[in-house]
Amino acid sequence: MPVDLAALRLALAEEIAAANPTLDPGWRAAVAAVPRELFLGTAAFRPTGTGWEPVHRAEVGEDEWLRMVYSDRTWVTQVQEKDAADATGPASGSPTSSATLPSLVVRTAQVAELRPGQKVLEVGTGTGYSTAVLCHRLGAGNVVSIEYDSTLAATAAAHLSKAGCSPALAVGDGLRGCKEHADYDAIIATCSVRSIPHSWFWQLNEGGSITTTISGWMLAAGMIRLVLDDEGTAHGRFTGDTITYMLARPHERPPSPSFFRLDGDTRRTRLDPGLLEEWAGRFVAQLAAPSAELMTTGSGVILRDVATGSQAWTEPEGEEWTVHQHGPLRLWDQVEQALLLWRDAGAPDMTEFGMTATPFDQTVWIGSPEGPKWQLPV
């Protein structure tokens with residue numbers, strides 16, 4: 001008996017709507033209308049704990065493949081720029097493209113407050129699925145999408161054509177926007193950024209908006225919609241979402257050498273390093289040490305500064321903690337001071353954070369622009 005694809009799409013749409021009762025019916029309808037199976041091709045990667053295992057459509061069978069496709073989860077389609085369809089065995093490294101979980105696609109569009117008739121730039125075409133969702137809701141003539149990877153862009157274009165969608169597509173660095181189709185009422189990113197690129201400001205209409213996730217090398221992120229005022233400054237508050245997109249490739253951290261603990265200067269910490277396991281706590285730590293990466297172990301945390309090689313690592317000492325710091329930066333001092341400010345403010349969640357941004361100066365703050373604040377690496 002043939003699989004009822006329309007029923008699968010509708011079931012996924014209803015699942016997403018049930019989990020997000022505030023979801024606009026128009027986005028629910030888009031999920032129910034867009035055939036996701038067209039955008040996953042013939043293979044995807046799934047995590048194995050130590051790497052990525054390719055799952056091929058022909059090997060798992062059509063029923064299992066469609067069950068995977070119509071689950072609300074992200075399927076990685078490329079690891080270290082190697083496509084899942086070309087993989088004959090497990091892969092290691094970082095994902096470089098994925099079919100994002102549909103609930104995140106429509107949640108981002110909802111946060112962006114997109115409306116039919118608005119002209120939208122999507123940064124990161126990926127498989128083309130999110131582009132198709134935007135086309136269904138906004139009209140293909142209002143959608144421009146740009147992809148960094150030319151091979152991915154060509155594949156996405158084929159997927160979109162097969163799905164009957166005809167947005168304006170471009171290949172290039174989406175962090176530079178897409179000048180040939182500007183200006184836009186809204187820019188929406190399906191990748192995370194460490195700071196808002198200059199070009200996004202300059203390619204917006206007056207009163208336009210930018211919706212993205214601000215992330216970094218500790219992999220903590222906050223989703224935000226920023227609205228441009230008549231003086232060219234963008235303002236917004238973060239949502240409470242604790243999901244994110246992959247970092248844009250130019251914003252990714254460079255490869256790191258093997259880590260070896262160095263003792264350096266040692267002292268007692270003023271805070272439990274376990275605060276870094278909290279989403280907002282790690283976000284604050286990342287703001288305070290934007291060029292540092294975070295590793296966790298069974299006995300503490302490790303911070304390593306990508307730019308200078310400075311490091312800090314903690315270990316338990318009775319009921320307290322000791323930190324070792326080595327190198328020109330005192331990473332734990334920076335992080336600890338920020339965490340103390342956050343704690344003194346009541347340890348708020350992400351909804352209490354906001355951002356004020358221009359192309360040249362971007363600040364994340366708690367409570368109000370006059371509260372504790374940190375500058376992003378513009």
# chains A, B, ... in the order shown; residues from 1 in each chain; ligands from 1
>>> closest_atom_pairs(of="range 103-193 of chain A", to="range 206-229 of chain A", cutoff="12 Å", atoms="only C-alpha atoms", output="tab-separated table")
residue	atom	partner	partner_atom	distance
A:Leu104	CA	A:Met223	CA	10.8
A:Val105	CA	A:Thr212	CA	11.5
A:Arg107	CA	A:Met223	CA	10.1
A:Thr108	CA	A:Thr211	CA	7.4
A:Ala109	CA	A:Thr211	CA	8.3
A:Gln110	CA	A:Thr211	CA	9.9
A:Val111	CA	A:Arg225	CA	6.6
A:Ala112	CA	A:Thr211	CA	5.5
A:Glu113	CA	A:Arg225	CA	8.7
A:Leu114	CA	A:Ser209	CA	9.5
A:Gln118	CA	A:Gly208	CA	9.8
A:Lys119	CA	A:Gly208	CA	10.0
A:Val120	CA	A:Ser209	CA	9.6
A:Leu121	CA	A:Ile210	CA	9.5
A:Glu122	CA	A:Thr211	CA	9.8
A:Val123	CA	A:Thr212	CA	9.5
A:Gly124	CA	A:Thr212	CA	11.3
A:Leu175	CA	A:Thr212	CA	11.7
A:Gly177	CA	A:Ile210	CA	11.4
A:Ala182	CA	A:Gly208	CA	11.8
A:Asp183	CA	A:Gly208	CA	9.4
A:Tyr184	CA	A:Gly208	CA	7.1
A:Asp185	CA	A:Gly208	CA	4.7
A:Ala186	CA	A:Ser209	CA	4.8
A:Ile187	CA	A:Ile210	CA	4.8
A:Ile188	CA	A:Thr211	CA	4.8
A:Ala189	CA	A:Thr212	CA	5.1
A:Thr190	CA	A:Thr212	CA	7.3
A:Cys191	CA	A:Thr213	CA	7.3
A:Ser192	CA	A:Thr213	CA	4.9
A:Val193	CA	A:Ile214	CA	5.2
>>> residues_around(residues="Arg261 in chain A", least_positions_apart="3", cutoff="9 Å", atoms="only C-alpha atoms", output="number ranges by chain")
A: 302, 311-313, 324
>>> closest_residue(among="A:Ala29, A:Pro348, A:Gly51, A:Tyr70", to="Leu8 in chain A", atoms="only C-alpha atoms")
A:Tyr70
>>> atom_distance(atom1="CA of Thr242 in chain A", atom2="CA of Trp279 in chain A")
7.1 Å
>>> closest_atom_pairs(of="range 245-275 of chain A", to="range 325-329 of chain A", cutoff="12 Å", atoms="only C-alpha atoms", output="Markdown table")
| residue | atom | partner | partner_atom | distance |
| --- | --- | --- | --- | --- |
| A:Phe260 | CA | A:His326 | CA | 11.3 |
| A:Arg261 | CA | A:His326 | CA | 9.0 |
| A:Leu262 | CA | A:His326 | CA | 6.5 |
| A:Asp263 | CA | A:His326 | CA | 6.7 |
| A:Gly264 | CA | A:His326 | CA | 4.4 |
| A:Asp265 | CA | A:Gln325 | CA | 5.2 |
| A:Thr266 | CA | A:Gln325 | CA | 6.5 |
| A:Arg267 | CA | A:Gln325 | CA | 8.7 |
| A:Arg268 | CA | A:Gln325 | CA | 11.2 |
| A:Thr269 | CA | A:Gln325 | CA | 11.2 |
>>> write_last_selection(atoms="N, CA and C atoms", output="compact mmCIF listing (two decimals), in the first residue's frame")
# COMPACT_ATOMS: atom_id res chain seq x y z
N PHE A 260 46.55 20.18 26.50
CA PHE A 260 47.32 19.67 27.63
C PHE A 260 47.17 20.66 28.78
N ARG A 261 46.79 20.16 29.94
CA ARG A 261 46.63 21.04 31.09
C ARG A 261 47.97 21.60 31.55
N LEU A 262 47.98 22.91 31.80
CA LEU A 262 49.16 23.59 32.35
C LEU A 262 48.73 24.24 33.67
N ASP A 263 49.55 24.11 34.69
CA ASP A 263 49.13 24.54 36.03
C ASP A 263 48.93 26.05 36.14
N GLY A 264 49.93 26.84 35.74
CA GLY A 264 49.79 28.29 35.84
C GLY A 264 49.54 28.75 37.25
N ASP A 265 48.77 29.83 37.38
CA ASP A 265 48.39 30.37 38.69
C ASP A 265 47.15 29.63 39.20
N THR A 266 47.14 29.37 40.49
CA THR A 266 46.05 28.58 41.08
C THR A 266 45.39 29.35 42.20
N ARG A 267 44.05 29.27 42.26
CA ARG A 267 43.30 29.89 43.35
C ARG A 267 41.97 29.18 43.49
N ARG A 268 41.26 29.49 44.57
CA ARG A 268 39.90 28.99 44.76
C ARG A 268 38.95 29.80 43.88
N THR A 269 37.94 29.15 43.36
CA THR A 269 36.94 29.88 42.59
C THR A 269 35.93 30.52 43.54
>>> atom_distance(atom1="CA of Pro250 in chain A", atom2="CA of Val143 in chain A")
23.7 Å
>>> select_by_dssp(residues="range 279-348 of chain A", states="helix (DSSP H, G or I)", output="list in words")
Trp279, Ala280, Gly281, Arg282, Phe283, Val284, Ala285, Gln286, Leu287, Ala288, Leu331, Trp332, Asp333, Gln334, Val335, Glu336, Gln337, Ala338, Leu339, Leu340, Leu341, Trp342, Arg343 and Asp344 of chain A
>>> write_last_selection(atoms="C-alpha atoms", output="mmCIF file, in the first residue's frame")
data_model
loop_
_atom_site.group_PDB
_atom_site.id
_atom_site.type_symbol
_atom_site.label_atom_id
_atom_site.label_comp_id
_atom_site.auth_asym_id
_atom_site.auth_seq_id
_atom_site.Cartn_x
_atom_site.Cartn_y
_atom_site.Cartn_z
ATOM 1 C CA TRP A 279 22.137 27.797 29.035
ATOM 2 C CA ALA A 280 22.117 31.453 30.110
ATOM 3 C CA GLY A 281 25.191 30.963 32.291
ATOM 4 C CA ARG A 282 27.186 29.612 29.362
ATOM 5 C CA PHE A 283 25.875 32.425 27.166
ATOM 6 C CA VAL A 284 27.187 34.962 29.683
ATOM 7 C CA ALA A 285 30.546 33.179 29.861
ATOM 8 C CA GLN A 286 30.778 33.325 26.093
ATOM 9 C CA LEU A 287 30.069 37.056 26.103
ATOM 10 C CA ALA A 288 32.871 37.574 28.638
ATOM 11 C CA LEU A 331 39.994 33.367 31.286
ATOM 12 C CA TRP A 332 38.352 32.223 34.487
ATOM 13 C CA ASP A 333 38.629 35.724 35.969
ATOM 14 C CA GLN A 334 36.757 37.109 32.945
ATOM 15 C CA VAL A 335 34.089 34.430 33.055
ATOM 16 C CA GLU A 336 33.701 34.497 36.828
ATOM 17 C CA GLN A 337 33.171 38.257 36.929
ATOM 18 C CA ALA A 338 30.481 38.006 34.264
ATOM 19 C CA LEU A 339 28.758 35.139 36.067
ATOM 20 C CA LEU A 340 28.765 37.153 39.299
ATOM 21 C CA LEU A 341 27.056 40.052 37.503
ATOM 22 C CA TRP A 342 24.505 37.638 36.061
ATOM 23 C CA ARG A 343 23.912 36.035 39.465
ATOM 24 C CA ASP A 344 23.547 39.439 41.150
#
>>> closest_residue(among="A:Val106, A:Leu204, A:Ala234, A:Ala18", to="Thr356 in chain A", atoms="only C-alpha atoms")
A:Ala234
>>> closest_residue(among="A:Leu247, A:Ala158, A:Ala99, A:Ala91", to="Thr48 in chain A", atoms="only C-alpha atoms")
A:Ala91
>>> closest_residue(among="A:Ser291, A:Thr74, A:Ser195, A:Thr296", to="Pro47 in chain A", atoms="only C-alpha atoms")
A:Thr74
>>> closest_residue(among="A:Ala153, A:Leu10, A:Val3, A:Ala87", to="Glu64 in chain A", atoms="only C-alpha atoms")
A:Val3
>>> closest_residue(among="A:Gly49, A:Gly172, A:Pro255, A:Gly128", to="Pro90 in chain A", atoms="only C-alpha atoms")
A:Gly49
>>> residues_around(residues="Arg137 in chain A", least_positions_apart="6", cutoff="9 Å", atoms="only C-alpha atoms", output="list in words")
Gly26, Trp27, Ala29, Ala30, Leu114, Arg115 and Pro116 of chain A
>>> residues_around(residues="Ala163 in chain A", least_positions_apart="5", cutoff="9 Å", atoms="only C-alpha atoms", output="PyMOL selection string")
chain A and resi 34-35+38-39+132+158
